[in-house]
Amino acid sequence: MGEQPLTRNIRPNAEPLWLAEYEKAGGYESVRKALRTMAPQEVQKLVTDSGLRGRGGAGFPTGRKWSFVPMGPDAPRPKYLVVNADEMEPGTFKDRLLLEGDPHQMIEGMIVSAYAIQANVGYIFLRWEYRLAAERLRKAIAEARSHVYLGRHILGSDFCFELYLHTSAGRYICGEETALLNALEGKRAIPRSKPPFPQVVGLWGKPTIVQNVETLCNIPHIIVHGAEWYRGLARGKDGGTKIYGVSGKVKRPGAWELPMGTPIREILEEHAGGMRDGFAFRGLLPGGASTALLVDEHLDLPMDFESIPRGGSRMGTGTMIVLDDRACPVGFAQNLEHFFAQESCGWCTPCWEGLSWTERILQNLEDGQGRMEDIDLLAAHTKLIGPGRTFCALAPGAMDPLQSILKYCRADFERHIHEKRCPRVAGAPA
């Protein structure tokens, strides 16, 4: 196994390194290097050259995102850096690992990132259920502030940066950056029209960068070791390592930091241990609940942003949900659509009515009340509330797994209709 910069400080007992230990392990070296030897534009260029892409799911190049922020003496002030730590994608738990296991790493990444865009205020928008992470972040922020890594004139420089922790009420829509900003302003969490984009008009109308936890944790290592080193960690075009996860009926569910571009089969079989005895593989959602199902023929695809779309899906968060042969694909789809229908913010009609309607059709199929035309109706819904038909990506994200489950598991839908029951319920024939 290669280098693991993101998880190198995460200990088996899950107790994080506090400041003295973190500094001894090289912590905050990137802050000293950036503030004392690099201009903000140099930090931006280094991150751009590294090839770092956002780890929240969309995979947008981080350096390019930063380049949209107005710079110079005439730029609007203040500017903000906001961390999206509201991790609510079903099946995803990678950011929790970093927040609880190494809170100083993300704070260090925030300081350098804020310096790169000349933001003087930062917020950590944290899912309220992550109470242990909140406790550890509060302690780490206090330690960083007491040692002048936060606050006014950091390490004697002209750069000032204040950091605040905000625990959110928690809604899936807060994964959409403009809905998150509305929530942070105390408003209803609904997406905003774009343009203008948050990089120019964001929190309270000022330039704002919203960044994922894992993305920010990469920054200190890029600053210290350089872009070429970072690109060399990967097995493909996308730079660095990635925290991949697997859940479902595998022998060793969990998360592992591996080179970006590690093939699905290797993650599934070598790290997750393969399927449990008595269970067979039917498919997997590669990057959380909003990504399309991949099947056997896709298992040799590298897990990176360029390769997974060749199988008709997205890498998303890189945390896989495995569907086994004993689980009902119709029930699997119904459970996903129930979640998305429940989490629709209600801002646009195709989403809040379409998702609820989709869920009811699937529930009827599970209850043995489905009709053959329901399959075509579901397929039509995947287009009617798919990409370009709704205000944000929530409903299209909900349609991706459904569309692919209809494609690969159509016989299961038909069997529900013919037998007027779920074939997987107790007593049903195999």
# chains A, B, ... in the order shown; residues from 1 in each chain; ligands from 1

call {"tool": "closest_atom_pairs", "arguments": {"of": "range 79-155 of chain A", "to": "range 170-190 of chain A", "cutoff": "10 Å", "atoms": "only C-alpha atoms", "output": "tab-separated table"}}
result
residue	atom	partner	partner_atom	distance
A:Val82	CA	A:Leu181	CA	8.6
A:Val83	CA	A:Glu177	CA	9.7
A:Asn84	CA	A:Gly175	CA	7.0
A:Ala85	CA	A:Gly175	CA	8.6
A:Asp86	CA	A:Gly175	CA	6.7
A:Glu87	CA	A:Gly175	CA	7.4
A:Met88	CA	A:Tyr172	CA	5.6
A:Glu89	CA	A:Tyr172	CA	7.1
A:Pro90	CA	A:Tyr172	CA	9.5
A:Tyr123	CA	A:Leu184	CA	8.9
A:Ile124	CA	A:Leu184	CA	10.0
A:Phe125	CA	A:Leu184	CA	7.7
A:Leu126	CA	A:Gly170	CA	8.3
A:Arg127	CA	A:Gly170	CA	5.5
A:Trp128	CA	A:Gly170	CA	6.3
A:Glu129	CA	A:Gly170	CA	8.0

call {"tool": "residues_around", "arguments": {"residues": "Thr92 in chain A", "least_positions_apart": "6", "cutoff": "9 Å", "atoms": "only C-alpha atoms", "output": "list in words"}}
result
Gly245, Val246, Ser247, Gly287, Gly288, Ala289, Thr317, Gly318, Thr319, Met320 and Ile321 of chain A

call {"tool": "select_by_dssp", "arguments": {"residues": "range 141-336 of chain A", "states": "helix (DSSP H, G or I)", "output": "ChimeraX atom specification"}}
result
/A:141-146,154-156,172-175,177-184,203-205,213-225,227-232,264-271,296-298,308-311,329-336

call {"tool": "residues_around", "arguments": {"residues": "range 411-415 of chain A", "least_positions_apart": "3", "cutoff": "12 Å", "atoms": "only C-alpha atoms", "output": "PyMOL selection string"}}
result
chain A and resi 325-334+361-376+378-379+402+405-408+418-424+428-430

call {"tool": "closest_residue", "arguments": {"among": "A:Met110, A:Ile154, A:Ile417, A:Leu163", "to": "Asn218 in chain A", "atoms": "only C-alpha atoms"}}
result
A:Met110

call {"tool": "residues_around", "arguments": {"residues": "Gln211 in chain A", "least_positions_apart": "2", "cutoff": "8 Å", "atoms": "only C-alpha atoms", "output": "list of chain:residue names"}}
result
A:Gly54, A:Gly56, A:Leu81, A:Val82, A:Val83, A:Asn84, A:Ile209, A:Val213, A:Thr215, A:Leu216

call {"tool": "write_last_selection", "arguments": {"atoms": "N, CA and C atoms", "output": "mmCIF file, in the first residue's frame"}}
result
data_model
loop_
_atom_site.group_PDB
_atom_site.id
_atom_site.type_symbol
_atom_site.label_atom_id
_atom_site.label_comp_id
_atom_site.auth_asym_id
_atom_site.auth_seq_id
_atom_site.Cartn_x
_atom_site.Cartn_y
_atom_site.Cartn_z
ATOM 1 N N GLY A 54 -12.480 18.352 -6.227
ATOM 2 C CA GLY A 54 -13.324 18.333 -5.034
ATOM 3 C C GLY A 54 -13.802 16.928 -4.712
ATOM 4 N N GLY A 56 -16.294 16.152 -2.654
ATOM 5 C CA GLY A 56 -17.666 16.084 -2.169
ATOM 6 C C GLY A 56 -18.588 15.303 -3.075
ATOM 7 N N LEU A 81 -14.733 31.430 3.712
ATOM 8 C CA LEU A 81 -14.457 30.030 3.383
ATOM 9 C C LEU A 81 -15.383 29.181 4.249
ATOM 10 N N VAL A 82 -16.201 28.354 3.609
ATOM 11 C CA VAL A 82 -17.175 27.533 4.332
ATOM 12 C C VAL A 82 -16.891 26.066 4.043
ATOM 13 N N VAL A 83 -16.836 25.268 5.100
ATOM 14 C CA VAL A 83 -16.653 23.825 4.933
ATOM 15 C C VAL A 83 -18.012 23.142 4.972
ATOM 16 N N ASN A 84 -18.306 22.373 3.949
ATOM 17 C CA ASN A 84 -19.522 21.567 3.956
ATOM 18 C C ASN A 84 -19.218 20.251 4.669
ATOM 19 N N ILE A 209 -16.126 30.619 -0.887
ATOM 20 C CA ILE A 209 -15.790 29.279 -1.371
ATOM 21 C C ILE A 209 -16.386 28.267 -0.406
ATOM 22 N N VAL A 213 -14.846 18.524 3.249
ATOM 23 C CA VAL A 213 -13.866 18.211 4.290
ATOM 24 C C VAL A 213 -12.635 17.509 3.719
ATOM 25 N N THR A 215 -11.524 17.346 0.716
ATOM 26 C CA THR A 215 -10.777 18.229 -0.192
ATOM 27 C C THR A 215 -9.791 19.080 0.589
ATOM 28 N N LEU A 216 -10.285 19.713 1.652
ATOM 29 C CA LEU A 216 -9.428 20.610 2.434
ATOM 30 C C LEU A 216 -8.297 19.865 3.128
#

call {"tool": "atom_distance", "arguments": {"atom1": "CA of Pro103 in chain A", "atom2": "CA of Ala140 in chain A"}}
result
6.4 Å

call {"tool": "select_by_dssp", "arguments": {"residues": "range 8-238 of chain A", "states": "strand (DSSP E or B)", "output": "number ranges by chain"}}
result
A: 53, 61, 80-85, 121-127, 151, 161-168, 208-212

call {"tool": "closest_atom_pairs", "arguments": {"of": "range 257-286 of chain A", "to": "range 5-15 of chain A", "cutoff": "12 Å", "atoms": "only C-alpha atoms", "output": "CSV"}}
result
residue,atom,partner,partner_atom,distance
A:Glu257,CA,A:Thr7,CA,6.9
A:Leu258,CA,A:Leu6,CA,9.9
A:Pro259,CA,A:Pro5,CA,10.7

call {"tool": "decode", "arguments": {"residues": "range 36-156 of chain A", "atoms": "C-alpha atoms", "output": "JSON list (two decimals), in the first residue's frame"}}
result
[["chain", "number", "residue", "atom", "x", "y", "z"],
["A", 36, "ARG", "CA", 6.09, 33.07, 5.13],
["A", 37, "THR", "CA", 7.25, 32.12, 1.65],
["A", 38, "MET", "CA", 4.32, 32.13, -0.79],
["A", 39, "ALA", "CA", 1.96, 34.73, -2.21],
["A", 40, "PRO", "CA", -1.76, 33.76, -2.29],
["A", 41, "GLN", "CA", -1.58, 33.38, -6.08],
["A", 42, "GLU", "CA", 1.32, 30.94, -5.69],
["A", 43, "VAL", "CA", -0.75, 28.78, -3.36],
["A", 44, "GLN", "CA", -3.60, 28.81, -5.89],
["A", 45, "LYS", "CA", -1.26, 27.82, -8.72],
["A", 46, "LEU", "CA", 0.28, 24.98, -6.73],
["A", 47, "VAL", "CA", -3.14, 23.53, -5.94],
["A", 48, "THR", "CA", -4.20, 23.93, -9.58],
["A", 49, "ASP", "CA", -1.04, 22.14, -10.76],
["A", 50, "SER", "CA", -1.65, 19.30, -8.28],
["A", 51, "GLY", "CA", -4.84, 18.29, -10.08],
["A", 52, "LEU", "CA", -6.84, 18.19, -6.84],
["A", 53, "ARG", "CA", -10.56, 17.79, -7.59],
["A", 54, "GLY", "CA", -13.32, 18.33, -5.03],
["A", 55, "ARG", "CA", -14.05, 15.22, -3.00],
["A", 56, "GLY", "CA", -17.67, 16.08, -2.17],
["A", 57, "GLY", "CA", -18.99, 14.33, -5.25],
["A", 58, "ALA", "CA", -18.93, 16.76, -8.16],
["A", 59, "GLY", "CA", -15.16, 16.55, -8.68],
["A", 60, "PHE", "CA", -14.73, 20.18, -9.75],
["A", 61, "PRO", "CA", -11.03, 21.24, -9.91],
["A", 62, "THR", "CA", -10.22, 23.01, -6.65],
["A", 63, "GLY", "CA", -7.67, 25.49, -7.99],
["A", 64, "ARG", "CA", -10.02, 26.53, -10.78],
["A", 65, "LYS", "CA", -12.83, 27.06, -8.27],
["A", 66, "TRP", "CA", -10.57, 29.34, -6.23],
["A", 67, "SER", "CA", -9.60, 31.29, -9.37],
["A", 68, "PHE", "CA", -13.15, 32.65, -9.67],
["A", 69, "VAL", "CA", -12.84, 34.56, -6.36],
["A", 70, "PRO", "CA", -12.17, 38.28, -6.91],
["A", 71, "MET", "CA", -8.66, 39.17, -5.74],
["A", 72, "GLY", "CA", -6.73, 42.40, -5.19],
["A", 73, "PRO", "CA", -7.32, 45.57, -3.18],
["A", 74, "ASP", "CA", -10.66, 46.32, -4.88],
["A", 75, "ALA", "CA", -12.16, 42.86, -4.19],
["A", 76, "PRO", "CA", -15.32, 42.88, -2.05],
["A", 77, "ARG", "CA", -14.76, 42.25, 1.66],
["A", 78, "PRO", "CA", -15.11, 40.21, 3.73],
["A", 79, "LYS", "CA", -14.60, 36.96, 1.88],
["A", 80, "TYR", "CA", -15.64, 33.63, 3.38],
["A", 81, "LEU", "CA", -14.46, 30.03, 3.38],
["A", 82, "VAL", "CA", -17.17, 27.53, 4.33],
["A", 83, "VAL", "CA", -16.65, 23.82, 4.93],
["A", 84, "ASN", "CA", -19.52, 21.57, 3.96],
["A", 85, "ALA", "CA", -19.36, 19.00, 6.76],
["A", 86, "ASP", "CA", -23.06, 18.14, 6.56],
["A", 87, "GLU", "CA", -22.28, 14.65, 5.24],
["A", 88, "MET", "CA", -25.77, 13.21, 4.60],
["A", 89, "GLU", "CA", -25.33, 11.14, 1.43],
["A", 90, "PRO", "CA", -26.58, 7.66, 2.41],
["A", 91, "GLY", "CA", -23.70, 5.21, 2.52],
["A", 92, "THR", "CA", -21.10, 7.96, 3.01],
["A", 93, "PHE", "CA", -18.97, 8.28, 6.14],
["A", 94, "LYS", "CA", -15.52, 9.33, 4.94],
["A", 95, "ASP", "CA", -15.62, 12.92, 6.25],
["A", 96, "ARG", "CA", -16.64, 11.72, 9.69],
["A", 97, "LEU", "CA", -13.46, 9.63, 9.79],
["A", 98, "LEU", "CA", -11.35, 12.74, 9.13],
["A", 99, "LEU", "CA", -13.27, 15.08, 11.40],
["A", 100, "GLU", "CA", -13.14, 12.78, 14.40],
["A", 101, "GLY", "CA", -9.73, 11.26, 13.74],
["A", 102, "ASP", "CA", -7.65, 14.32, 12.79],
["A", 103, "PRO", "CA", -9.49, 17.64, 13.31],
["A", 104, "HIS", "CA", -6.32, 19.76, 13.17],
["A", 105, "GLN", "CA", -5.62, 18.53, 9.63],
["A", 106, "MET", "CA", -8.81, 20.12, 8.30],
["A", 107, "ILE", "CA", -8.27, 23.33, 10.27],
["A", 108, "GLU", "CA", -4.77, 23.56, 8.79],
["A", 109, "GLY", "CA", -6.24, 23.04, 5.32],
["A", 110, "MET", "CA", -8.77, 25.77, 5.98],
["A", 111, "ILE", "CA", -6.13, 28.30, 7.06],
["A", 112, "VAL", "CA", -4.03, 27.77, 3.92],
["A", 113, "SER", "CA", -7.09, 27.76, 1.65],
["A", 114, "ALA", "CA", -8.40, 30.95, 3.24],
["A", 115, "TYR", "CA", -4.99, 32.54, 2.72],
["A", 116, "ALA", "CA", -5.07, 31.53, -0.96],
["A", 117, "ILE", "CA", -8.33, 33.38, -1.58],
["A", 118, "GLN", "CA", -7.71, 36.03, 1.11],
["A", 119, "ALA", "CA", -10.75, 35.09, 3.17],
["A", 120, "ASN", "CA", -10.70, 36.31, 6.74],
["A", 121, "VAL", "CA", -13.70, 34.40, 8.12],
["A", 122, "GLY", "CA", -14.43, 30.67, 7.98],
["A", 123, "TYR", "CA", -17.36, 28.49, 9.03],
["A", 124, "ILE", "CA", -17.52, 24.74, 9.52],
["A", 125, "PHE", "CA", -21.10, 23.74, 8.63],
["A", 126, "LEU", "CA", -21.35, 20.47, 10.58],
["A", 127, "ARG", "CA", -24.09, 17.86, 10.61],
["A", 128, "TRP", "CA", -25.57, 18.05, 14.11],
["A", 129, "GLU", "CA", -25.54, 14.26, 14.57],
["A", 130, "TYR", "CA", -21.73, 14.39, 14.40],
["A", 131, "ARG", "CA", -21.49, 15.25, 18.09],
["A", 132, "LEU", "CA", -18.09, 13.67, 18.71],
["A", 133, "ALA", "CA", -16.69, 15.55, 15.71],
["A", 134, "ALA", "CA", -18.17, 18.80, 17.09],
["A", 135, "GLU", "CA", -16.57, 18.21, 20.48],
["A", 136, "ARG", "CA", -13.16, 17.52, 18.94],
["A", 137, "LEU", "CA", -13.37, 20.41, 16.49],
["A", 138, "ARG", "CA", -14.18, 22.85, 19.31],
["A", 139, "LYS", "CA", -11.12, 21.70, 21.23],
["A", 140, "ALA", "CA", -8.88, 21.81, 18.16],
["A", 141, "ILE", "CA", -10.09, 25.31, 17.20],
["A", 142, "ALA", "CA", -9.38, 26.53, 20.74],
["A", 143, "GLU", "CA", -5.88, 25.00, 20.64],
["A", 144, "ALA", "CA", -5.15, 26.52, 17.22],
["A", 145, "ARG", "CA", -6.35, 29.93, 18.38],
["A", 146, "SER", "CA", -4.27, 29.82, 21.56],
["A", 147, "HIS", "CA", -1.13, 29.13, 19.50],
["A", 148, "VAL", "CA", -1.82, 31.93, 16.96],
["A", 149, "TYR", "CA", -2.73, 29.66, 14.05],
["A", 150, "LEU", "CA", -6.11, 31.38, 14.11],
["A", 151, "GLY", "CA", -7.07, 34.96, 14.88],
["A", 152, "ARG", "CA", -5.24, 38.18, 14.14],
["A", 153, "HIS", "CA", -1.78, 38.28, 12.52],
["A", 154, "ILE", "CA", -1.28, 34.54, 12.27],
["A", 155, "LEU", "CA", 2.33, 33.61, 13.09],
["A", 156, "GLY", "CA", 3.24, 37.31, 12.98]]
